[in-house]
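Colleague: protein.csv is reproduced below (CSV, C-alpha atoms).
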chain,number,residue,atom,x,y,z
A,1,MET,CA,-10.9,41.1,4.2
A,2,LYS,CA,-13.2,42.1,1.4
A,3,LEU,CA,-10.7,40.9,-1.2
A,4,ILE,CA,-10.4,37.5,0.6
A,5,LEU,CA,-14.1,37.1,0.8
A,6,SER,CA,-14.5,37.9,-2.9
A,7,ILE,CA,-11.8,35.4,-3.8
A,8,ILE,CA,-13.5,32.7,-1.7
A,9,GLU,CA,-16.8,33.6,-3.4
A,10,GLU,CA,-15.2,33.3,-6.8
A,11,ILE,CA,-13.6,30.0,-6.0
A,12,TRP,CA,-17.0,28.7,-4.7
A,13,GLY,CA,-18.5,30.0,-8.0
A,14,LEU,CA,-16.1,27.8,-9.9
A,15,PHE,CA,-18.1,24.8,-8.9
A,16,VAL,CA,-21.5,26.1,-8.0
A,17,ASP,CA,-23.5,28.3,-10.3
A,18,ASP,CA,-26.9,26.8,-10.5
A,19,GLY,CA,-27.3,25.5,-7.0
A,20,SER,CA,-29.6,22.6,-8.0
A,21,LEU,CA,-27.2,21.4,-10.6
A,22,ALA,CA,-24.4,21.1,-8.0
A,23,VAL,CA,-26.7,19.6,-5.3
A,24,LEU,CA,-28.2,17.0,-7.7
A,25,SER,CA,-24.8,16.1,-8.9
A,26,ILE,CA,-23.5,15.5,-5.4
A,27,ILE,CA,-26.6,13.5,-4.5
A,28,LEU,CA,-26.1,11.3,-7.6
A,29,ILE,CA,-22.4,10.8,-6.9
A,30,ALA,CA,-23.1,9.9,-3.3
A,31,ALA,CA,-25.9,7.5,-4.2
A,32,VAL,CA,-23.8,5.7,-6.9
A,33,THR,CA,-20.8,5.5,-4.6
A,34,ALA,CA,-23.0,4.0,-1.8
A,35,ALA,CA,-24.5,1.6,-4.3
A,36,VAL,CA,-21.1,0.4,-5.4
A,37,LYS,CA,-19.3,0.4,-2.1
A,38,LEU,CA,-22.0,-0.7,0.2
A,39,PHE,CA,-24.6,-2.6,-1.8
A,40,GLY,CA,-22.3,-4.4,-4.3
A,41,LEU,CA,-23.4,-2.8,-7.5
A,42,PRO,CA,-20.7,-3.7,-10.1
A,43,GLY,CA,-18.3,-0.8,-10.7
A,44,ALA,CA,-19.0,-0.8,-14.4
A,45,TRP,CA,-22.7,-0.3,-13.8
A,46,GLY,CA,-21.9,2.4,-11.3
A,47,GLY,CA,-19.9,4.3,-14.0
A,48,LEU,CA,-22.7,3.9,-16.4
A,49,VAL,CA,-25.3,5.2,-14.0
A,50,LEU,CA,-23.0,8.1,-13.1
A,51,GLY,CA,-22.6,9.1,-16.7
A,52,VAL,CA,-26.3,8.8,-17.6
A,53,GLY,CA,-27.3,10.5,-14.3
A,54,CYS,CA,-25.0,13.5,-15.1
A,55,LEU,CA,-26.5,13.9,-18.5
A,56,ALA,CA,-30.0,13.7,-17.0
A,57,ILE,CA,-29.2,16.4,-14.4
A,58,LEU,CA,-27.7,18.6,-17.1
A,59,THR,CA,-30.8,18.2,-19.3
A,60,PHE,CA,-33.0,19.0,-16.3
A,61,SER,CA,-31.0,22.1,-15.4
A,62,VAL,CA,-30.9,23.4,-19.0
A,63,ASP,CA,-34.6,22.7,-19.4
A,64,ARG,CA,-35.4,24.6,-16.2
A,65,ALA,CA,-33.3,27.6,-17.2
A,66,VAL,CA,-34.8,27.7,-20.7
A,67,ARG,CA,-38.4,27.4,-19.5
A,68,GLY,CA,-37.8,30.0,-16.8
A,69,ASN,CA,-36.4,32.4,-19.3
A,70,ARG,CA,-39.0,31.9,-22.0
A,71,SER,CA,-42.1,31.8,-19.9
B,1,MET,CA,-1.7,6.7,-23.3
B,2,LEU,CA,-1.3,9.1,-26.3
B,3,THR,CA,-5.1,9.7,-26.2
B,4,THR,CA,-4.9,10.7,-22.5
B,5,ILE,CA,-1.9,13.0,-23.1
B,6,LEU,CA,-3.5,14.7,-26.1
B,7,SER,CA,-6.8,15.2,-24.3
B,8,THR,CA,-5.0,16.4,-21.2
B,9,VAL,CA,-2.9,19.0,-23.1
B,10,THR,CA,-5.9,20.1,-25.2
B,11,ALA,CA,-8.3,20.5,-22.3
B,12,SER,CA,-5.7,22.4,-20.3
B,13,PHE,CA,-4.8,24.6,-23.3
B,14,LEU,CA,-8.3,25.5,-24.3
B,15,ALA,CA,-9.5,26.1,-20.7
B,16,SER,CA,-6.5,28.2,-20.0
B,17,VAL,CA,-7.0,30.3,-23.1
B,18,VAL,CA,-10.4,31.3,-21.8
B,19,GLU,CA,-9.0,32.3,-18.4
B,20,VAL,CA,-5.9,34.1,-19.6
B,21,VAL,CA,-8.0,36.1,-22.1
B,22,GLU,CA,-10.2,37.2,-19.2
B,23,ALA,CA,-7.3,38.2,-17.0
B,24,PHE,CA,-5.6,39.9,-20.0
B,25,THR,CA,-8.6,42.1,-20.5
B,26,ILE,CA,-8.5,43.5,-17.0
B,27,VAL,CA,-4.7,43.9,-16.9
B,28,LEU,CA,-4.9,45.7,-20.3
B,29,ALA,CA,-7.6,48.0,-18.9
B,30,VAL,CA,-5.5,48.8,-15.9
B,31,GLY,CA,-2.4,49.4,-18.0
B,32,LEU,CA,-4.1,51.7,-20.5
B,33,THR,CA,-6.3,53.6,-18.1
B,34,GLN,CA,-4.0,54.1,-15.1
B,35,SER,CA,-0.4,53.1,-16.0
B,36,TRP,CA,1.5,49.9,-16.7
B,37,ARG,CA,3.3,50.1,-13.3
B,38,PRO,CA,0.4,49.0,-11.1
B,39,ALA,CA,-0.8,46.6,-13.8
B,40,LEU,CA,2.5,44.8,-13.9
B,41,ILE,CA,3.0,44.9,-10.1
B,42,GLY,CA,-0.5,43.5,-9.5
B,43,THR,CA,0.1,40.8,-12.1
B,44,GLY,CA,3.5,39.9,-10.8
B,45,ALA,CA,2.3,39.7,-7.2
B,46,ALA,CA,-0.6,37.5,-8.2
B,47,LEU,CA,1.6,35.2,-10.2
B,48,ALA,CA,4.1,35.0,-7.3
B,49,LEU,CA,1.3,34.2,-4.8
B,50,LEU,CA,0.0,31.5,-7.1
B,51,ALA,CA,3.5,30.0,-7.4
B,52,VAL,CA,3.9,29.9,-3.6
B,53,LEU,CA,0.5,28.2,-3.2
B,54,VAL,CA,1.4,25.6,-5.9
B,55,LEU,CA,4.7,25.0,-4.2
B,56,ILE,CA,3.1,24.6,-0.8
B,57,PHE,CA,0.1,22.5,-1.8
B,58,GLY,CA,1.4,20.7,-4.9
B,59,PRO,CA,3.6,18.2,-3.0
B,60,LEU,CA,0.6,17.4,-0.7
B,61,LEU,CA,-1.2,15.8,-3.7
B,62,ALA,CA,1.5,13.1,-3.8
B,63,LEU,CA,0.4,12.0,-0.3
B,64,VAL,CA,-3.2,11.4,-1.3
B,65,PRO,CA,-4.0,7.8,-2.3
B,66,ILE,CA,-4.6,7.6,-6.1
B,67,GLU,CA,-8.1,6.2,-5.8
B,68,ALA,CA,-9.2,9.0,-3.4
B,69,LEU,CA,-7.5,11.6,-5.7
B,70,GLN,CA,-9.3,10.3,-8.8
B,71,PHE,CA,-12.6,10.4,-6.9
B,72,VAL,CA,-12.2,13.9,-5.5
B,73,VAL,CA,-10.8,15.3,-8.8
B,74,GLY,CA,-13.6,13.5,-10.7
B,75,VAL,CA,-16.3,15.0,-8.5
B,76,LEU,CA,-14.8,18.5,-8.8
B,77,LEU,CA,-14.5,18.1,-12.5
B,78,ILE,CA,-18.1,17.0,-12.8
B,79,LEU,CA,-19.2,20.1,-10.9
B,80,PHE,CA,-16.8,22.4,-12.8
B,81,GLY,CA,-17.3,20.9,-16.2
B,82,MET,CA,-21.1,20.7,-16.1
B,83,ARG,CA,-21.3,24.3,-14.9
B,84,TRP,CA,-19.3,25.4,-18.0
B,85,LEU,CA,-21.2,23.1,-20.3
B,86,ARG,CA,-24.6,24.3,-19.0
B,87,LYS,CA,-23.6,28.0,-19.4
B,88,ALA,CA,-22.2,27.3,-22.9
B,89,ILE,CA,-25.4,25.6,-23.9
B,90,LEU,CA,-27.6,28.4,-22.5
B,91,ARG,CA,-25.4,31.0,-24.3
B,92,THR,CA,-25.7,29.0,-27.5
B,93,VAL,CA,-29.5,28.9,-27.4
B,94,GLY,CA,-29.7,32.6,-26.5
B,95,VAL,CA,-30.9,32.2,-22.9
B,96,ILE,CA,-28.0,34.1,-21.4
B,97,ALA,CA,-25.8,36.7,-23.1
B,98,LEU,CA,-22.5,35.9,-24.6
B,99,HIS,CA,-19.5,37.0,-22.7
B,100,ASP,CA,-18.1,40.1,-24.4
B,101,GLU,CA,-14.5,41.0,-23.7
B,102,ALA,CA,-14.9,44.5,-25.3
B,103,LYS,CA,-17.8,45.1,-22.9
B,104,ALA,CA,-15.8,43.8,-19.9
B,105,PHE,CA,-12.9,46.0,-21.0
B,106,ALA,CA,-15.1,49.1,-21.2
B,107,LYS,CA,-16.7,48.4,-17.8
B,108,GLN,CA,-13.3,48.0,-16.2
B,109,THR,CA,-11.9,51.1,-18.0
B,110,ASP,CA,-14.9,53.1,-16.8
B,111,ALA,CA,-14.5,52.0,-13.2
B,112,LEU,CA,-10.8,52.8,-13.2
B,113,SER,CA,-11.4,56.2,-14.9
B,114,LYS,CA,-13.8,57.2,-12.1
B,115,GLN,CA,-11.2,56.5,-9.4
B,116,SER,CA,-8.2,57.9,-11.3
B,117,SER,CA,-8.3,61.2,-9.5
B,118,GLU,CA,-8.3,59.5,-6.1
B,119,GLN,CA,-5.0,59.4,-4.2
B,120,ARG,CA,-5.0,55.6,-4.0
B,121,ALA,CA,-5.8,55.2,-7.7
B,122,ASP,CA,-2.5,53.3,-8.4
B,123,TRP,CA,-3.2,51.0,-5.5
B,124,MET,CA,-6.8,50.3,-6.6
B,125,ALA,CA,-5.7,49.7,-10.2
B,126,GLY,CA,-2.9,47.4,-9.0
B,127,LEU,CA,-5.4,45.5,-6.8
B,128,ALA,CA,-7.8,45.1,-9.8
B,129,ALA,CA,-5.0,43.5,-11.8
B,130,PHE,CA,-3.9,41.4,-8.8
B,131,LYS,CA,-7.4,40.1,-8.2
B,132,ALA,CA,-8.1,39.3,-11.9
B,133,VAL,CA,-4.8,37.4,-12.3
B,134,LEU,CA,-5.2,35.6,-9.0
B,135,LEU,CA,-8.8,34.5,-9.7
B,136,GLU,CA,-8.3,33.4,-13.3
B,137,GLY,CA,-4.9,31.9,-12.3
B,138,THR,CA,-6.5,29.9,-9.6
B,139,GLU,CA,-8.9,28.4,-12.2
B,140,VAL,CA,-5.9,27.6,-14.4
B,141,VAL,CA,-4.1,25.9,-11.5
B,142,PHE,CA,-7.2,23.9,-10.7
B,143,ILE,CA,-7.6,22.8,-14.3
B,144,VAL,CA,-4.0,21.8,-14.6
B,145,ILE,CA,-4.2,19.8,-11.4
B,146,ALA,CA,-7.6,18.3,-12.2
B,147,VAL,CA,-6.8,17.1,-15.7
B,148,GLY,CA,-3.2,16.1,-15.0
B,149,ALA,CA,-2.7,14.9,-11.4
B,150,THR,CA,-4.6,11.7,-11.6
B,151,ARG,CA,-2.4,10.1,-14.2
B,152,GLY,CA,0.9,11.9,-13.4
B,153,LEU,CA,0.4,14.2,-16.4
B,154,THR,CA,0.6,17.5,-14.5
B,155,LEU,CA,3.7,18.5,-16.5
B,156,TYR,CA,1.8,18.0,-19.8
B,157,ALA,CA,-1.2,19.9,-18.4
B,158,GLY,CA,1.1,22.6,-17.2
B,159,LEU,CA,2.6,22.9,-20.7
B,160,GLY,CA,-0.8,23.2,-22.2
B,161,ALA,CA,-1.6,26.1,-19.8
B,162,LEU,CA,1.8,27.7,-20.5
B,163,ALA,CA,1.2,27.5,-24.2
B,164,ALA,CA,-2.1,29.2,-23.7
B,165,PHE,CA,-0.4,32.0,-21.7
B,166,VAL,CA,2.2,32.5,-24.4
B,167,VAL,CA,-0.3,32.5,-27.3
B,168,VAL,CA,-2.6,35.0,-25.6
B,169,MET,CA,0.3,37.2,-24.6
B,170,ILE,CA,1.7,37.3,-28.1
B,171,VAL,CA,-1.6,37.9,-29.8
B,172,GLY,CA,-2.7,40.4,-27.0
B,173,LEU,CA,0.5,42.4,-27.2
B,174,ALA,CA,0.4,42.4,-31.0
B,175,VAL,CA,-3.2,43.7,-31.2
B,176,HIS,CA,-3.0,45.8,-28.0
B,177,LYS,CA,-6.7,45.6,-27.3
B,178,PRO,CA,-9.2,43.2,-25.7
B,179,LEU,CA,-9.3,39.8,-27.5
B,180,SER,CA,-13.0,40.1,-28.2
B,181,ARG,CA,-12.8,38.0,-31.3
B,182,VAL,CA,-11.8,34.9,-29.4
B,183,PRO,CA,-14.7,32.5,-29.8
B,184,GLU,CA,-15.0,32.2,-26.0
B,185,ASN,CA,-18.4,30.4,-25.9
B,186,ALA,CA,-17.2,27.8,-28.4
B,187,LEU,CA,-14.1,27.2,-26.3
B,188,LYS,CA,-16.1,27.0,-23.1
B,189,PHE,CA,-18.4,24.5,-24.9
B,190,VAL,CA,-15.5,22.2,-25.9
B,191,VAL,CA,-13.8,22.6,-22.5
B,192,GLY,CA,-17.1,21.9,-20.7
B,193,LEU,CA,-17.5,18.7,-22.8
B,194,MET,CA,-14.0,17.6,-22.0
B,195,LEU,CA,-14.0,18.4,-18.3
B,196,THR,CA,-17.4,16.7,-17.8
B,197,SER,CA,-16.1,13.6,-19.7
B,198,PHE,CA,-12.9,13.6,-17.6
B,199,GLY,CA,-15.0,14.0,-14.4
B,200,ILE,CA,-17.3,11.1,-15.2
B,201,PHE,CA,-14.3,9.0,-16.1
B,202,TRP,CA,-12.2,9.8,-13.0
B,203,ALA,CA,-15.1,9.7,-10.6
B,204,GLY,CA,-16.1,6.4,-12.1
B,205,GLU,CA,-12.6,5.0,-11.7
B,206,GLY,CA,-12.6,6.4,-8.1
B,207,ILE,CA,-15.7,4.3,-7.2
B,208,GLY,CA,-14.3,1.2,-8.9
B,209,ALA,CA,-15.7,1.4,-12.4
B,210,ASP,CA,-13.4,-0.7,-14.6
B,211,TRP,CA,-14.1,1.1,-17.9
B,212,SER,CA,-13.8,-1.3,-20.8
B,213,GLY,CA,-11.1,-0.1,-23.2
B,214,ALA,CA,-9.4,1.7,-20.4
B,215,ASP,CA,-8.3,5.2,-21.4
B,216,LEU,CA,-10.0,4.8,-24.8
B,217,SER,CA,-13.4,4.8,-23.0
B,218,LEU,CA,-12.7,8.5,-22.3
B,219,VAL,CA,-13.2,9.1,-26.0
B,220,GLY,CA,-16.5,7.1,-25.9
B,221,ILE,CA,-17.7,9.2,-22.9
B,222,PHE,CA,-16.7,12.4,-24.7
B,223,VAL,CA,-18.7,11.4,-27.8
B,224,ILE,CA,-21.8,10.6,-25.7
B,225,VAL,CA,-21.6,13.8,-23.7
B,226,THR,CA,-21.1,15.8,-26.9
B,227,ALA,CA,-24.1,14.1,-28.5
B,228,ALA,CA,-26.2,14.9,-25.5
B,229,ALA,CA,-25.1,18.5,-25.5
B,230,TRP,CA,-25.8,18.8,-29.2
B,231,VAL,CA,-29.3,17.4,-28.8
B,232,LEU,CA,-29.9,20.0,-26.0
B,233,THR,CA,-28.7,22.9,-28.3
B,234,GLN,CA,-31.0,21.7,-31.1
B,235,ARG,CA,-33.9,21.1,-28.8
B,236,TYR,CA,-33.8,24.6,-27.3
B,237,ALA,CA,-32.4,26.4,-30.4
B,238,PRO,CA,-34.1,29.9,-30.5
B,239,THR,CA,-36.8,30.2,-33.1
B,240,SER,CA,-36.0,33.9,-33.5
B,241,ALA,CA,-32.8,35.8,-33.2
B,242,PRO,CA,-30.6,35.1,-30.1
B,243,LEU,CA,-31.3,37.3,-27.1
B,244,ALA,CA,-28.8,40.0,-26.3
B,245,GLY,CA,-29.2,39.2,-22.6
B,246,GLY,CA,-31.0,36.9,-20.2
B,247,THR,CA,-31.9,36.2,-16.7
B,248,ALA,CA,-31.0,32.6,-16.2
B,249,LYS,CA,-28.3,31.9,-13.6
Just dump the structure as structure tokens.
Modeller:
Amino acid sequence: MKLILSIIEEIWGLFVDDGSLAVLSIILIAAVTAAVKLFGLPGAWGGLVLGVGCLAILTFSVDRAVRGNRS
Amino acid sequence: MLTTILSTVTASFLASVVEVVEAFTIVLAVGLTQSWRPALIGTGAALALLAVLVLIFGPLLALVPIEALQFVVGVLLILFGMRWLRKAILRTVGVIALHDEAKAFAKQTDALSKQSSEQRADWMAGLAAFKAVLLEGTEVVFIVIAVGATRGLTLYAGLGALAAFVVVMIVGLAVHKPLSRVPENALKFVVGLMLTSFGIFWAGEGIGADWSGADLSLVGIFVIVTAAAWVLTQRYAPTSAPLAGGTAK
């Protein structure tokens, strides 16, 4: 049981390390998907927003970690 | 198409090198500290379980509509790739410690030595090898599926992973010690860039983004993600010597 739990934990850890990075990414993807599928945002714009959003989230997450470590 | 095949094989190979090196360190520690019997049994059992899981769940992927598959794989790749990229950037700028295979080997050897007098020492050692190979192997399987399945390139991705396994085994068996000189963070950095780019591309395709230039736009996304990561490493480059350790998660 302990082994199975640790395996599940490790698999979860593959995708989620910094919780806010994962949560913000999911929110971004959900928002862009909704904008394209429900509100008619052109797909190309959706892809662009997705790419820029991912880089913004990465920047925010790295910035937070660096500031937290160096303060 | 050649761009996609090359990027698929490269991403799969590089990511698998990182995972196989980590698994090799643990198996080597088990083999040298306890004996090779539990190390090989644990490794064999894990590889057999992985093969069974792939045989059971692999064909199910063919049942998933391609658009849904692209979207799900894209989302998982964004999460997986950005996590690797973030960690690689933080290691590059000295916020978190570099992964050290020699240290991991010493830690595992120490733990195995402590339990070597126990009756179940062989079992515990075999379990350590089993767990390491299963976990790292799961990551390899995910990477192979993620970078290959959406374009029917699973075979190429699998060949990249197999090549990584063969290379690490040949080098590992030749030097007979942890492969601590493998530039793991540089590999993780490149793989993080590639997987994040793949993720944005596939998730975009999944939501209906008609990327101009089709597969070639993957190269454009990779260049932009690389530029952004480079800017981050320059912006947060340490002013003094890199830290030996850190606290950021």
Colleague: When you get a sec, could you note down which chain B residues fall within 9 Å of chain A, using all atoms listed in the file, as a count of residues only?
Modeller: 47
Colleague: Go ahead and compute the interatomic distance for CA of Gly58 in chain B and CA of Thr3 in chain B, in Å to one decimal.
Modeller: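 It comes out at 24.8 Å.
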Colleague: Is there a way to get, as a list in words, all residues within 9 Å of the point (-9.1, 35.0, -21.4) in file coordinates, counting only C-alpha atoms?
Modeller: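 Returned residue set, sorted by chain then number, is Ala15, Ser16, Val17, Val18, Glu19, Val20, Val21, Glu22, Ala23, Phe24, Thr25, Glu101, Glu136, Val168, Leu179, Val182 and Glu184 of chain B.
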Colleague: Can you tell me how far CA of Arg151 in chain B sits from CA of Trp84 in chain B, in Å to one decimal?
Modeller: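 Distance reported for this atom pair: 23.1 Å.
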Colleague: Tell me, in Å to one decimal, how far CA of Ala88 in chain B is from CA of Lys188 in chain B.
Modeller: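 For CA of Ala88 in chain B relative to CA of Lys188 in chain B, the distance reads 6.1 Å.
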Colleague: I need the residue nearest Ala157 in chain B from this list: B:Ala174, B:Leu47, B:Ile143, B:Ile56. Use all atoms listed in the file for the distance.
Modeller: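 Residue with the minimum atom-to-atom distance to Ala157 in chain B: B:Ile143.
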Colleague: From the set B:Ile170, B:Val72, B:Ala149, B:Leu32, which residue has the shortest atom-to-atom contact distance to Ala106 in chain B, counting all atoms listed in the file?
Modeller: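 Among the listed residues, B:Leu32 lies closest to Ala106 in chain B.
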Colleague: Taking (-12.8, 46.3, -22.5) in the coordinates of the supplied file, I want to know which residues reach to within 8 Å of it, counting only C-alpha atoms; could you give the answer as a PyMOL selection string?
Modeller: chain B and resi 25-26+29+101-109+177-178
